[in-house]
Amino acid sequence: MKSEEYKKFREQFIKKTFDLSDTKRIEYTEGNQDLDVHTNFRRIGDELNMNPVKVLAVYLIKHIKSLMTFFKLGQTFSNETLESRVSDIINYLILLLSYLHYEDMKERDDTPEKR
């Protein structure tokens with residue numbers, strides 16, 4: 001694949017990945033997506049007495065395990081495509097970083113709510 005083809009593929013894939021994130025966020029945050037994109041992880045964490053990062057890790061590991069199955073067997077066994085799994089992994093990693101960033105801001109008393 002030539003560099004220009006790769007750049008085009010990458011741009012299209014990242015756009016689809018971010019679109020998937022925006023679509024799923026509405027469901028996962030129970031309509032609270034504009035106030036807290038991490039709502040799902042916080043609420044489940046509260047229900048299970050777990051840190052939200054650990055909840056996020058469970059979601060992420062599910063997709064990584066599926067990806068590992070693909071590496072081992074060369075195929076997927078669900079209705080989700082490999083592309084969708086990779087998109088989910090990317091989106092969960094971004095959610096992880098954004099959660100950690102926000103928590104760090106809160107610790108430094110630098111959140112928008114406290115300004």
# chains A, B, ... in the order shown; residues from 1 in each chain; ligands from 1
>>> select_by_dssp(residues="stretch 7-99 of chain A", states="helix (DSSP H, G or I)", output="PyMOL selection string")
chain A and resi 7-28+39-48+52-73+82-99
>>> closest_atom_pairs(of="stretch 12-31 of chain A", to="stretch 91-98 of chain A", cutoff="12 Å", atoms="only C-alpha atoms", output="tab-separated table")
residue	atom	partner	partner_atom	distance
A:Ile14	CA	A:Asn91	CA	9.9
A:Lys15	CA	A:Asn91	CA	11.6
A:Lys16	CA	A:Asn91	CA	10.9
A:Thr17	CA	A:Asn91	CA	7.2
A:Phe18	CA	A:Asn91	CA	7.4
A:Asp19	CA	A:Asn91	CA	10.2
A:Leu20	CA	A:Asn91	CA	8.6
A:Ser21	CA	A:Asn91	CA	6.3
A:Asp22	CA	A:Asn91	CA	9.8
A:Thr23	CA	A:Asn91	CA	11.7
A:Lys24	CA	A:Asn91	CA	10.2
A:Arg25	CA	A:Asn91	CA	10.2
>>> residues_around(residues="A:Asp36", least_positions_apart="5", cutoff="10 Å", atoms="only C-alpha atoms", output="list in words")
Arg25, Thr29, Gly31, Arg42 and Tyr99 of chain A
>>> write_last_selection(atoms="C-alpha atoms", output="PDB file, in the first residue's frame")
ATOM      1  CA  ARG A  25     -21.815   7.111  23.829  1.00  0.00           C
ATOM      2  CA  THR A  29     -24.179   7.257  29.057  1.00  0.00           C
ATOM      3  CA  GLY A  31     -28.483  10.205  27.559  1.00  0.00           C
ATOM      4  CA  ARG A  42     -18.821   5.548  37.102  1.00  0.00           C
ATOM      5  CA  TYR A  99     -10.808   9.812  32.337  1.00  0.00           C
TER       6      TYR A  99
END
>>> residues_around(residues="A:Glu83", least_positions_apart="6", cutoff="12 Å", atoms="only C-alpha atoms", output="ChimeraX atom specification")
/A:10,12-14,16-17,20,63,66-67,70,76,89-90
>>> residues_around(residues="A:Ile64", least_positions_apart="3", cutoff="10 Å", atoms="only C-alpha atoms", output="PyMOL selection string")
chain A and resi 58-61+67-70+85-86+88-89
>>> write_last_selection(atoms="C-alpha atoms", output="mmCIF file, in the first residue's frame")
data_model
loop_
_atom_site.group_PDB
_atom_site.id
_atom_site.type_symbol
_atom_site.label_atom_id
_atom_site.label_comp_id
_atom_site.auth_asym_id
_atom_site.auth_seq_id
_atom_site.Cartn_x
_atom_site.Cartn_y
_atom_site.Cartn_z
ATOM 1 C CA VAL A 58 -13.253 -5.079 31.550
ATOM 2 C CA TYR A 59 -14.859 -3.570 28.449
ATOM 3 C CA LEU A 60 -11.452 -3.128 26.817
ATOM 4 C CA ILE A 61 -10.227 -6.640 27.642
ATOM 5 C CA LEU A 67 -8.672 -9.632 18.728
ATOM 6 C CA MET A 68 -6.356 -12.277 20.210
ATOM 7 C CA THR A 69 -8.733 -14.986 18.969
ATOM 8 C CA PHE A 70 -8.474 -13.480 15.499
ATOM 9 C CA ARG A 85 -13.369 -4.384 17.434
ATOM 10 C CA VAL A 86 -10.284 -2.337 16.638
ATOM 11 C CA ASP A 88 -13.785 -0.091 20.059
ATOM 12 C CA ILE A 89 -10.285 -0.740 21.414
#
>>> decode(residues="stretch 71-106 of chain A", atoms="N, CA, C and O atoms", output="CSV table (one decimal), in the first residue's frame")
chain,number,residue,atom,x,y,z
A,71,PHE,N,-6.1,-13.3,16.0
A,71,PHE,CA,-4.7,-13.5,15.7
A,71,PHE,C,-4.4,-15.0,15.7
A,71,PHE,O,-3.6,-15.5,14.9
A,72,LYS,N,-5.0,-15.8,16.7
A,72,LYS,CA,-4.7,-17.2,16.8
A,72,LYS,C,-5.3,-18.0,15.7
A,72,LYS,O,-4.8,-18.9,15.2
A,73,LEU,N,-6.6,-17.7,15.4
A,73,LEU,CA,-7.4,-18.5,14.5
A,73,LEU,C,-7.7,-17.9,13.1
A,73,LEU,O,-8.2,-18.6,12.2
A,74,GLY,N,-7.4,-16.7,13.0
A,74,GLY,CA,-7.5,-16.0,11.7
A,74,GLY,C,-8.9,-15.7,11.3
A,74,GLY,O,-9.2,-15.4,10.1
A,75,GLN,N,-9.8,-15.7,12.2
A,75,GLN,CA,-11.2,-15.4,12.0
A,75,GLN,C,-11.9,-14.9,13.2
A,75,GLN,O,-11.4,-15.1,14.3
A,76,THR,N,-13.0,-14.2,13.0
A,76,THR,CA,-13.9,-13.7,14.1
A,76,THR,C,-15.1,-14.6,14.2
A,76,THR,O,-15.5,-15.3,13.3
A,77,PHE,N,-15.7,-14.7,15.4
A,77,PHE,CA,-16.8,-15.6,15.7
A,77,PHE,C,-18.0,-14.8,16.2
A,77,PHE,O,-18.9,-15.4,16.9
A,78,SER,N,-18.1,-13.6,15.9
A,78,SER,CA,-19.3,-12.8,16.3
A,78,SER,C,-19.8,-12.0,15.1
A,78,SER,O,-19.2,-12.0,14.1
A,79,ASN,N,-20.9,-11.3,15.4
A,79,ASN,CA,-21.4,-10.5,14.3
A,79,ASN,C,-20.6,-9.1,14.2
A,79,ASN,O,-20.9,-8.4,13.2
A,80,GLU,N,-19.7,-8.9,15.1
A,80,GLU,CA,-18.9,-7.6,15.0
A,80,GLU,C,-17.7,-7.9,14.1
A,80,GLU,O,-17.1,-8.9,14.2
A,81,THR,N,-17.4,-6.9,13.3
A,81,THR,CA,-16.3,-7.1,12.4
A,81,THR,C,-15.0,-6.8,13.1
A,81,THR,O,-15.0,-6.2,14.2
A,82,LEU,N,-13.9,-7.2,12.6
A,82,LEU,CA,-12.6,-7.0,13.1
A,82,LEU,C,-12.4,-5.4,13.2
A,82,LEU,O,-11.9,-4.9,14.2
A,83,GLU,N,-12.8,-4.7,12.2
A,83,GLU,CA,-12.7,-3.3,12.1
A,83,GLU,C,-13.4,-2.7,13.3
A,83,GLU,O,-12.9,-1.7,14.0
A,84,SER,N,-14.6,-3.2,13.6
A,84,SER,CA,-15.4,-2.6,14.7
A,84,SER,C,-14.7,-2.9,16.1
A,84,SER,O,-14.7,-2.0,16.9
A,85,ARG,N,-14.1,-4.1,16.2
A,85,ARG,CA,-13.4,-4.4,17.4
A,85,ARG,C,-12.2,-3.4,17.6
A,85,ARG,O,-11.9,-2.9,18.7
A,86,VAL,N,-11.4,-3.2,16.5
A,86,VAL,CA,-10.3,-2.3,16.6
A,86,VAL,C,-10.8,-0.9,17.0
A,86,VAL,O,-10.1,-0.2,17.8
A,87,SER,N,-11.8,-0.5,16.3
A,87,SER,CA,-12.4,0.8,16.7
A,87,SER,C,-12.8,0.9,18.1
A,87,SER,O,-12.5,1.9,18.8
A,88,ASP,N,-13.4,-0.1,18.6
A,88,ASP,CA,-13.8,-0.1,20.1
A,88,ASP,C,-12.6,0.0,21.0
A,88,ASP,O,-12.5,0.7,22.0
A,89,ILE,N,-11.5,-0.8,20.6
A,89,ILE,CA,-10.3,-0.7,21.4
A,89,ILE,C,-9.7,0.7,21.4
A,89,ILE,O,-9.3,1.2,22.5
A,90,ILE,N,-9.6,1.3,20.3
A,90,ILE,CA,-9.1,2.7,20.2
A,90,ILE,C,-10.0,3.6,21.0
A,90,ILE,O,-9.5,4.4,21.8
A,91,ASN,N,-11.3,3.5,20.9
A,91,ASN,CA,-12.2,4.4,21.7
A,91,ASN,C,-12.1,4.1,23.2
A,91,ASN,O,-12.1,5.1,23.9
A,92,TYR,N,-11.9,2.9,23.6
A,92,TYR,CA,-11.8,2.7,25.0
A,92,TYR,C,-10.4,3.2,25.5
A,92,TYR,O,-10.4,3.7,26.7
A,93,LEU,N,-9.4,3.1,24.8
A,93,LEU,CA,-8.1,3.7,25.2
A,93,LEU,C,-8.2,5.2,25.3
A,93,LEU,O,-7.6,5.8,26.2
A,94,ILE,N,-8.9,5.8,24.4
A,94,ILE,CA,-9.1,7.3,24.4
A,94,ILE,C,-10.0,7.6,25.7
A,94,ILE,O,-9.7,8.6,26.4
A,95,LEU,N,-11.0,6.9,25.9
A,95,LEU,CA,-11.8,7.1,27.1
A,95,LEU,C,-11.0,6.9,28.4
A,95,LEU,O,-11.1,7.7,29.3
A,96,LEU,N,-10.1,6.0,28.4
A,96,LEU,CA,-9.2,5.8,29.6
A,96,LEU,C,-8.3,7.0,29.8
A,96,LEU,O,-8.3,7.6,30.9
A,97,LEU,N,-7.7,7.5,28.7
A,97,LEU,CA,-6.8,8.6,28.8
A,97,LEU,C,-7.6,9.9,29.2
A,97,LEU,O,-7.1,10.7,30.0
A,98,SER,N,-8.8,10.0,28.7
A,98,SER,CA,-9.6,11.2,29.0
A,98,SER,C,-10.1,11.2,30.5
A,98,SER,O,-10.1,12.2,31.2
A,99,TYR,N,-10.4,10.0,30.9
A,99,TYR,CA,-10.8,9.8,32.3
A,99,TYR,C,-9.6,10.2,33.3
A,99,TYR,O,-9.8,10.9,34.2
A,100,LEU,N,-8.5,9.6,33.0
A,100,LEU,CA,-7.3,9.9,33.8
A,100,LEU,C,-6.9,11.4,33.8
A,100,LEU,O,-6.6,11.9,34.8
A,101,HIS,N,-7.0,12.0,32.6
A,101,HIS,CA,-6.7,13.4,32.5
A,101,HIS,C,-7.7,14.2,33.3
A,101,HIS,O,-7.3,15.1,34.0
A,102,TYR,N,-9.0,13.9,33.2
A,102,TYR,CA,-10.0,14.6,34.0
A,102,TYR,C,-9.8,14.5,35.5
A,102,TYR,O,-9.9,15.4,36.2
A,103,GLU,N,-9.5,13.2,35.9
A,103,GLU,CA,-9.3,13.0,37.3
A,103,GLU,C,-8.1,13.8,37.8
A,103,GLU,O,-8.1,14.3,38.9
A,104,ASP,N,-7.0,13.8,37.0
A,104,ASP,CA,-5.9,14.6,37.4
A,104,ASP,C,-6.2,16.1,37.5
A,104,ASP,O,-5.7,16.8,38.4
A,105,MET,N,-7.0,16.6,36.6
A,105,MET,CA,-7.4,18.0,36.6
A,105,MET,C,-8.2,18.3,37.9
A,105,MET,O,-8.0,19.3,38.6
A,106,LYS,N,-9.1,17.3,38.3
A,106,LYS,CA,-9.8,17.5,39.5
A,106,LYS,C,-8.9,17.5,40.7
A,106,LYS,O,-9.1,18.4,41.6
